[in-house]
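Enquirer: This is the structure, below, for whatever I ask next.
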Amino acid sequence: MSGPNTLEWRQQQSDQKNMKPDLHVEVNKNSAFLDRELSQLMFNRRVLAQAEDKSIPLLERLRYLCIASSNLDEFFEVRVASLLAAGAADGALSSHPALVATLSRISNECHLLVSHQYEILNNEILPELTANGIHLVRHNERNEAQRAWVKEYFDTEVRPLLTPIGLDPAHPFPQVVNKSLNFIVQLSGKDAFGRGTGIAIVKAPRVLPRVIRLPDHLSKSGGISFCLLSSVIHAHISDLFAGREVIGYSQFRVTRDSDLWVDEDEVKNLRQALKGELVGRQFGASVRLEVAKNCPPELSQFLLDQFGLHHSRLYAVNGPVNLVRLNEIMDHVNTAALRFPPFFPGLAHKTASQDIFAALREGDILLHHPYQSFQTVIDFIRSAAHDPSVVAIKQTIYRTGMNSDLMESLIIAARAGKEVTVIVELKARFDEEANINWADKLEQAGAQVVYGVVGLKTHAKVALVIRREEGKLRYYAHLGTGNYHPTTTKFYTDFGLLTCHPGISQEVNEVFIHLTSLTKPHRLSHLWLAPFALQNEIIKAIRNEARIARAGRPGRIIVKVNALVDESVIRALYAASKDGVKIDLIVRGACTLKPGVPGLSENIKVRSVIGRFLEHSRIYYFRNDLAHDTYLASADWMSRNLFRRIEVAFPILDKALKRRVMAEGLTPYLKDNINAWELEADGHYQRRRARAKQAGFSAQQHLMDTLGTPQGHLE
């Protein structure tokens with residue numbers, strides 16, 4: 001595989017067109033802010049660029065294509081759905097011209113993005129898979145033996161599970177689950193009862209794989225062949241309608257509003273209310289319809305009418321309606337050359353060979369995931385669960401997944417008689433079911449389970465262990481920028497701090513008391529807590545740098561977040577820029593700040609880094625006359641994080657650890673000339689390239705090289 005310092009790689013980079021993405025972003029030049037929704041779509045464009053990058057292994061490019069499709073699904077389920085709901089709440093959508101214009105811009109960009117996704121799939125990914133012996137064979141490409149096998153598979157595995165529904169007054173249009181695979185069929189003639197029912201619906205069984213591997217003897221020598229379930233059903237759909245001719249058909253998929261809504265002020269039991277809402281999520285309001293490119297117009301219009309959708313929300317695609325399912329190909333292909341080389345995280349040296357609590361008494365431990373193993377955090381909670389000196393464990397849970405060693409350790413601790421308090425966020429989007437299940441198990445084990453604060457999501461990532469030592473209680477805390485999720489910790493970049501610093505750890509306890517008792521939190525000296533103080537502290541720190549700059553001394557701000565859309569913070573950054581503060585913002589996703597505008601933001605640069613791992617850490621750095629104030633946080637700079645969530649930003653006090661945050665979390669990303677994109681004032685992003693005779697530098701590769709463990713041997 002070509003690497004960032006090879007002649008081949010440099011040639012590839014120089015050969016790529018240095019041009020703006022073909023997205024017709026409409027920017028109001030008189031506005032001080034970029035459009036949030038379009039900025040989010042531009043992020044998806046940067047993800048798609050990874051699928052086009054020939055320096056990336058082929059199966060990983062396919063994965064990026066699937067990620068882009070999944071991102072777009074969620075964009076419709078959440079952002080588009082919320083805009084449509086906002087319009088519907090105040091009457092007819094046509095009475096909101098600004099909202100109509102926004103939806104029109106979104107529609108234009110999404111159609112362009114979807115078209116580009118399938119161009120990449122059909123013109124690049126699939127041909128290159130074929131060249132590497134991985135074949136996705138369509139019906140008209142199958143040889144006689146393959147067709148015979150597919151026919152048998154359909155008859156024995158698929159047909160028995162299908163329930164074709166002919167539409168008539170007794171068989172109305174069926175309920176269609178969110179993002180499920182379905183088929184609409186147009187039939188000629190009359191049915192068995194002599195009636196002219198011309199439309200039927202067939203739902204694809206959800207228990208069947210969407211990507212089916214053919215037996216090896218049916219593939220070309222040394223290769224692997226697959227076919228899609230949609231292709232299998234298409235090829236034999238006429239078998240379902242004996243005596244009638246299929247004159248038109250298409251696969252289709254509808255995307256629905258997936259937000260859960262409960263009136264938290266009215267319900268007596270939020271967990272029970274959400275359990276009921278989870279069932280209804282699959283049938284929320286329709287927001288998008290996808291059909292095959294060759295779908296007859298009368299069938300697509302019939303579906304639009306059934307789902308109550310405007311024609312602008314129809315997407316006729318040149319391939320399978322759900323690209324995310326192509327992820328299943330990677331489960332069957334083990335070719336190492338087509339994947340990223342394996343990476344093995346390092347382990348914090350202090351915890352590798354000694355008791356975790358003894359290590360913390362010697363000093364704070366900074367963890368940088370996934371470059372350093374999350375196992376240290378698991379060991380922290382596990383040790384607490386089994387340590388007879390530990391009397392209490394408290395932890396917040398936002399996302400943790402269906403399987404979690406951390407949750408099992410908390411259950412063990414509760415059963416052992418320790419005071420275990422877990423604040424579970426039941427409304428963590430798409431993780432509600434897992435969180436409800438863990439809440440049930442924790443309560444059954446004797447833990448005290450609290451569901452946060454009504455109207456606010458508990459998004460803070462904190463854990464506290466209280467240990468009796470020499471007759472006194474001592475506090476040990478973990479604070480992080482990411483979730484306590486065993487899977488995401490392997491490919492999300494996040495920082496975590498383990499500490500027994502009296503000020504920080506006792507303030508963590510104050511946060512837990514605040515969340516469980518609902519009393520006003522005591523004034524905190526170290527932690528910035530949303531929704532009470534975080535926004536004020538951020539703006540105060542920005543204004544302090546502006547004051548320093550006005551006095552003629554260097555003002556410097558470096559921030560790394562997932563999104564920057566809060567207007568109050570952006571206005572403070574604009575003001576600081578005018579005063580001469582040099583500001584670098586590393587924003588992975590949506591950013592509505594306009595950088596580099598003379599007289600407004602000429603001292604602000606914005607970049608986004610898209611690489612092997614998902615950039616997720618939040619870092620706030622303020623130079624503050626060489627005090628180098630450094631905060632890690634759970635919060636992005638969005639209004640929802642600052643005002644509608646429980647969030648915690650925490651300081652790094654140890655000077656050596658401050659230098660580590662700068663050296664690992666900020667400086668490499670400002671040097672990156674492989675995976676970095678720079679935002680321009682008009683809302684477009686330009687990919688940063690290595691200059692002539694300059695070596696390529698990837699922040700993530702640098703961190704893998706410096707923090708990882710060679711060949712997986714943990715020290």
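To be explicit about the labels: the chains of the structure tokens are called A, B, and onward in the order shown, and within each one the residues are counted from 1, while ligands get numbers from 1 in the order they are shown.
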Hey, could you make a per-residue contact list for stretch 384-426 of chain A against stretch 438-455 of chain A with 8 Å as the cut-off, showing the nearest pair of atoms and its distance in Å to one decimal, counting only C-alpha atoms, sorted by chain and number, as a tab-separated table?

Expert:
```
residue	atom	partner	partner_atom	distance
A:Met407	CA	A:Trp438	CA	7.4
A:Leu410	CA	A:Leu442	CA	7.6
A:Ile411	CA	A:Ala445	CA	5.8
A:Ile412	CA	A:Ala445	CA	7.9
A:Ala414	CA	A:Ala447	CA	5.4
A:Arg415	CA	A:Ala445	CA	5.5
A:Glu419	CA	A:Ala447	CA	7.1
A:Val420	CA	A:Ala447	CA	5.0
A:Thr421	CA	A:Gln448	CA	4.7
A:Val422	CA	A:Val449	CA	5.0
A:Ile423	CA	A:Val450	CA	4.7
A:Val424	CA	A:Tyr451	CA	5.1
A:Glu425	CA	A:Tyr451	CA	5.7
A:Leu426	CA	A:Tyr451	CA	6.5
```

Enquirer: Set the distance at 7 Å and use only C-alpha atoms: which residues neighbour stretch 569-572 of chain A once local chain neighbours fewer than 3 positions away are removed? I'd like the list as JSON, numbers by chain.

Expert: {"A": [539, 542, 543, 566, 575, 576, 593]}

Enquirer: Please write the residues from the selection above to a file, keeping all heavy atoms, as a PDB file, in the first residue's frame.

Expert:
```pdb
ATOM      1  N   ILE A 539     -16.903  32.119  27.352  1.00  0.00           N
ATOM      2  CA  ILE A 539     -16.863  33.498  26.848  1.00  0.00           C
ATOM      3  C   ILE A 539     -15.923  34.346  27.694  1.00  0.00           C
ATOM      4  O   ILE A 539     -15.178  35.184  27.163  1.00  0.00           O
ATOM      5  CB  ILE A 539     -18.284  34.087  26.805  1.00  0.00           C
ATOM      6  CG1 ILE A 539     -19.086  33.369  25.705  1.00  0.00           C
ATOM      7  CG2 ILE A 539     -18.250  35.585  26.569  1.00  0.00           C
ATOM      8  CD1 ILE A 539     -20.506  33.847  25.558  1.00  0.00           C
ATOM      9  N   ILE A 542     -12.449  33.592  26.506  1.00  0.00           N
ATOM     10  CA  ILE A 542     -12.204  34.216  25.196  1.00  0.00           C
ATOM     11  C   ILE A 542     -11.955  35.706  25.370  1.00  0.00           C
ATOM     12  O   ILE A 542     -11.011  36.278  24.794  1.00  0.00           O
ATOM     13  CB  ILE A 542     -13.405  33.965  24.264  1.00  0.00           C
ATOM     14  CG1 ILE A 542     -13.523  32.473  23.921  1.00  0.00           C
ATOM     15  CG2 ILE A 542     -13.256  34.777  22.967  1.00  0.00           C
ATOM     16  CD1 ILE A 542     -14.804  32.110  23.182  1.00  0.00           C
ATOM     17  N   ARG A 543     -12.787  36.362  26.168  1.00  0.00           N
ATOM     18  CA  ARG A 543     -12.633  37.806  26.390  1.00  0.00           C
ATOM     19  C   ARG A 543     -11.337  38.128  27.117  1.00  0.00           C
ATOM     20  O   ARG A 543     -10.740  39.191  26.899  1.00  0.00           O
ATOM     21  CB  ARG A 543     -13.835  38.332  27.165  1.00  0.00           C
ATOM     22  CG  ARG A 543     -15.116  38.363  26.318  1.00  0.00           C
ATOM     23  CD  ARG A 543     -16.328  38.762  27.135  1.00  0.00           C
ATOM     24  NE  ARG A 543     -17.513  38.874  26.285  1.00  0.00           N
ATOM     25  CZ  ARG A 543     -18.757  39.013  26.740  1.00  0.00           C
ATOM     26  NH1 ARG A 543     -18.963  39.056  28.065  1.00  0.00           N
ATOM     27  NH2 ARG A 543     -19.771  39.106  25.900  1.00  0.00           N
ATOM     28  N   ASP A 566     -22.870  27.655  18.194  1.00  0.00           N
ATOM     29  CA  ASP A 566     -23.481  28.590  19.133  1.00  0.00           C
ATOM     30  C   ASP A 566     -23.098  30.022  18.783  1.00  0.00           C
ATOM     31  O   ASP A 566     -21.915  30.383  18.757  1.00  0.00           O
ATOM     32  CB  ASP A 566     -23.047  28.279  20.565  1.00  0.00           C
ATOM     33  CG  ASP A 566     -23.708  29.200  21.568  1.00  0.00           C
ATOM     34  OD1 ASP A 566     -24.916  29.030  21.818  1.00  0.00           O
ATOM     35  OD2 ASP A 566     -23.027  30.123  22.058  1.00  0.00           O
ATOM     36  N   ALA A 575     -15.066  38.924  18.084  1.00  0.00           N
ATOM     37  CA  ALA A 575     -14.563  40.097  18.800  1.00  0.00           C
ATOM     38  C   ALA A 575     -13.100  39.916  19.188  1.00  0.00           C
ATOM     39  O   ALA A 575     -12.289  40.847  19.084  1.00  0.00           O
ATOM     40  CB  ALA A 575     -15.421  40.350  20.039  1.00  0.00           C
ATOM     41  N   ALA A 576     -12.742  38.714  19.626  1.00  0.00           N
ATOM     42  CA  ALA A 576     -11.352  38.445  19.991  1.00  0.00           C
ATOM     43  C   ALA A 576     -10.450  38.533  18.768  1.00  0.00           C
ATOM     44  O   ALA A 576      -9.316  39.041  18.846  1.00  0.00           O
ATOM     45  CB  ALA A 576     -11.243  37.070  20.638  1.00  0.00           C
ATOM     46  N   LEU A 593     -19.232  29.335  11.890  1.00  0.00           N
ATOM     47  CA  LEU A 593     -18.351  30.511  11.927  1.00  0.00           C
ATOM     48  C   LEU A 593     -17.697  30.702  10.560  1.00  0.00           C
ATOM     49  O   LEU A 593     -17.251  29.728   9.942  1.00  0.00           O
ATOM     50  CB  LEU A 593     -17.292  30.324  13.014  1.00  0.00           C
ATOM     51  CG  LEU A 593     -16.240  31.425  13.194  1.00  0.00           C
ATOM     52  CD1 LEU A 593     -15.838  31.537  14.666  1.00  0.00           C
ATOM     53  CD2 LEU A 593     -14.993  31.171  12.341  1.00  0.00           C
TER      54      LEU A 593
END
```

Enquirer: Pick from A:Trp149, A:Phe241, A:Phe33, A:Phe302: nearest to A:Phe173, with only C-alpha atoms counted?

Expert: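 Nearest to A:Phe173: A:Phe302.
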
Enquirer: I'd like to know which of A:Leu34, A:Val185, A:Leu626, A:Val321 is closest to A:Pro595, using only C-alpha atoms.

Expert: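 Checking each of A:Leu34, A:Val185, A:Leu626, A:Val321 against A:Pro595, counting only C-alpha atoms, the winner is A:Leu34.
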
Enquirer: Considering only C-alpha atoms, return as JSON, numbers by chain whatever protein or nucleic-acid residues lie within 12 Å of A:Ser577, sequence-local ones (same chain, fewer than 5 positions apart) excluded.

Expert: {"A": [542, 543, 545, 546, 547, 549, 550, 554, 555, 556, 557, 570, 571, 572, 582, 583, 584, 594, 595, 596, 597, 598, 599, 600, 601, 602, 603, 604, 605]}

Enquirer: Considering only C-alpha atoms, state which residue in the set A:Leu703, A:Pro486, A:Ala145, A:Ile610 is at the smallest distance from A:Leu48.

Expert: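 Closest residue, counting only C-alpha atoms: A:Ile610.
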
Enquirer: Do you know which residues are at most 6 Å from A:Ala563 counting only C-alpha atoms, after dropping those on the same chain fewer than 3 positions away, and could you put them as a list in words?

Expert: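 Non-adjacent residues within range: Val587, Gly589, Ala590, Cys591 and Asp636 of chain A.
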
Enquirer: Filtering to C-alpha atoms, could you give me those residues as a PDB file, in the first residue's frame?

Expert:
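Result went into selection_34.pdb, see below:
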```
ATOM      1  CA  VAL A 587     -13.960  21.399  14.109  1.00  0.00           C
ATOM      2  CA  GLY A 589     -18.362  18.535  11.690  1.00  0.00           C
ATOM      3  CA  ALA A 590     -20.735  21.484  11.407  1.00  0.00           C
ATOM      4  CA  CYS A 591     -19.195  24.928  11.796  1.00  0.00           C
ATOM      5  CA  ASP A 636     -19.206  20.832  21.854  1.00  0.00           C
TER       6      ASP A 636
END
```

Enquirer: Write out as an MDAnalysis selection string the residues lying within 12 Å of A:Glu290, counting only C-alpha atoms and excluding same-chain residues fewer than 5 positions away.

Expert: chainID A and resid 73 111 114 178:184 250:256 295 299:301 303:304 307 309 311:323

Enquirer: From a DSSP pass on the backbone, collect the residues of stretch 335-405 of chain A flagged as strand (DSSP E) and hand them back as a ChimeraX atom specification.

Expert: /A:365-369,390-397

Enquirer: Just the number, please: distance in Å from atom CA of A:Pro341 to atom CA of A:Gly708, one decimal.

Expert: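 Going from atom CA of A:Pro341 over to atom CA of A:Gly708, I get 12.6 Å.
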
Enquirer: Write out as a VMD selection string which residues come within 6 Å of A:Tyr371 when counting only C-alpha atoms, dropping same-chain ones fewer than 3 positions away.

Expert: chain A and resid 345 368 704 707 to 708

Enquirer: Would you write out those residues with all heavy atoms, as a compact mmCIF listing (two decimals), in the first residue's frame?

Expert:
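Everything below was put into again14.txt:
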```
# COMPACT_ATOMS: atom_id res chain seq x y z
N PRO A 345 -3.40 -0.56 20.71
CA PRO A 345 -3.20 0.59 21.60
C PRO A 345 -2.18 0.30 22.68
O PRO A 345 -1.97 -0.84 23.09
CB PRO A 345 -4.60 0.80 22.20
CG PRO A 345 -5.25 -0.54 22.14
CD PRO A 345 -4.73 -1.17 20.88
N HIS A 368 -5.31 8.76 26.33
CA HIS A 368 -5.68 9.25 25.00
C HIS A 368 -6.12 8.05 24.17
O HIS A 368 -5.32 7.25 23.72
CB HIS A 368 -4.48 9.95 24.35
CG HIS A 368 -4.85 10.74 23.14
ND1 HIS A 368 -3.92 11.46 22.41
CD2 HIS A 368 -6.04 10.97 22.53
CE1 HIS A 368 -4.53 12.07 21.41
NE2 HIS A 368 -5.81 11.78 21.46
N MET A 704 -0.55 7.08 16.28
CA MET A 704 -0.46 5.62 16.30
C MET A 704 0.98 5.17 16.44
O MET A 704 1.29 4.22 17.18
CB MET A 704 -1.08 5.04 15.03
CG MET A 704 -2.60 5.04 15.01
SD MET A 704 -3.30 4.05 13.66
CE MET A 704 -2.98 5.13 12.28
N LEU A 707 2.18 6.37 20.24
CA LEU A 707 1.48 5.92 21.44
C LEU A 707 1.09 4.45 21.39
O LEU A 707 0.83 3.85 22.43
CB LEU A 707 0.22 6.76 21.67
CG LEU A 707 0.41 8.25 21.94
CD1 LEU A 707 -0.93 8.95 22.11
CD2 LEU A 707 1.28 8.48 23.17
N GLY A 708 1.00 3.88 20.20
CA GLY A 708 0.59 2.49 20.08
C GLY A 708 1.65 1.52 20.57
O GLY A 708 2.80 1.89 20.84
```

Enquirer: Just how far from atom CA of A:Leu529 is atom CA of A:Glu647, in Å to one decimal?

Expert: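 Interatomic distance, atom CA of A:Glu647 to atom CA of A:Leu529: 5.7 Å.
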
Enquirer: Nearest to A:Ser69: which of A:Tyr475, A:Tyr118, A:Phe512, A:Phe344 is it, counting only C-alpha atoms?

Expert: A:Tyr118
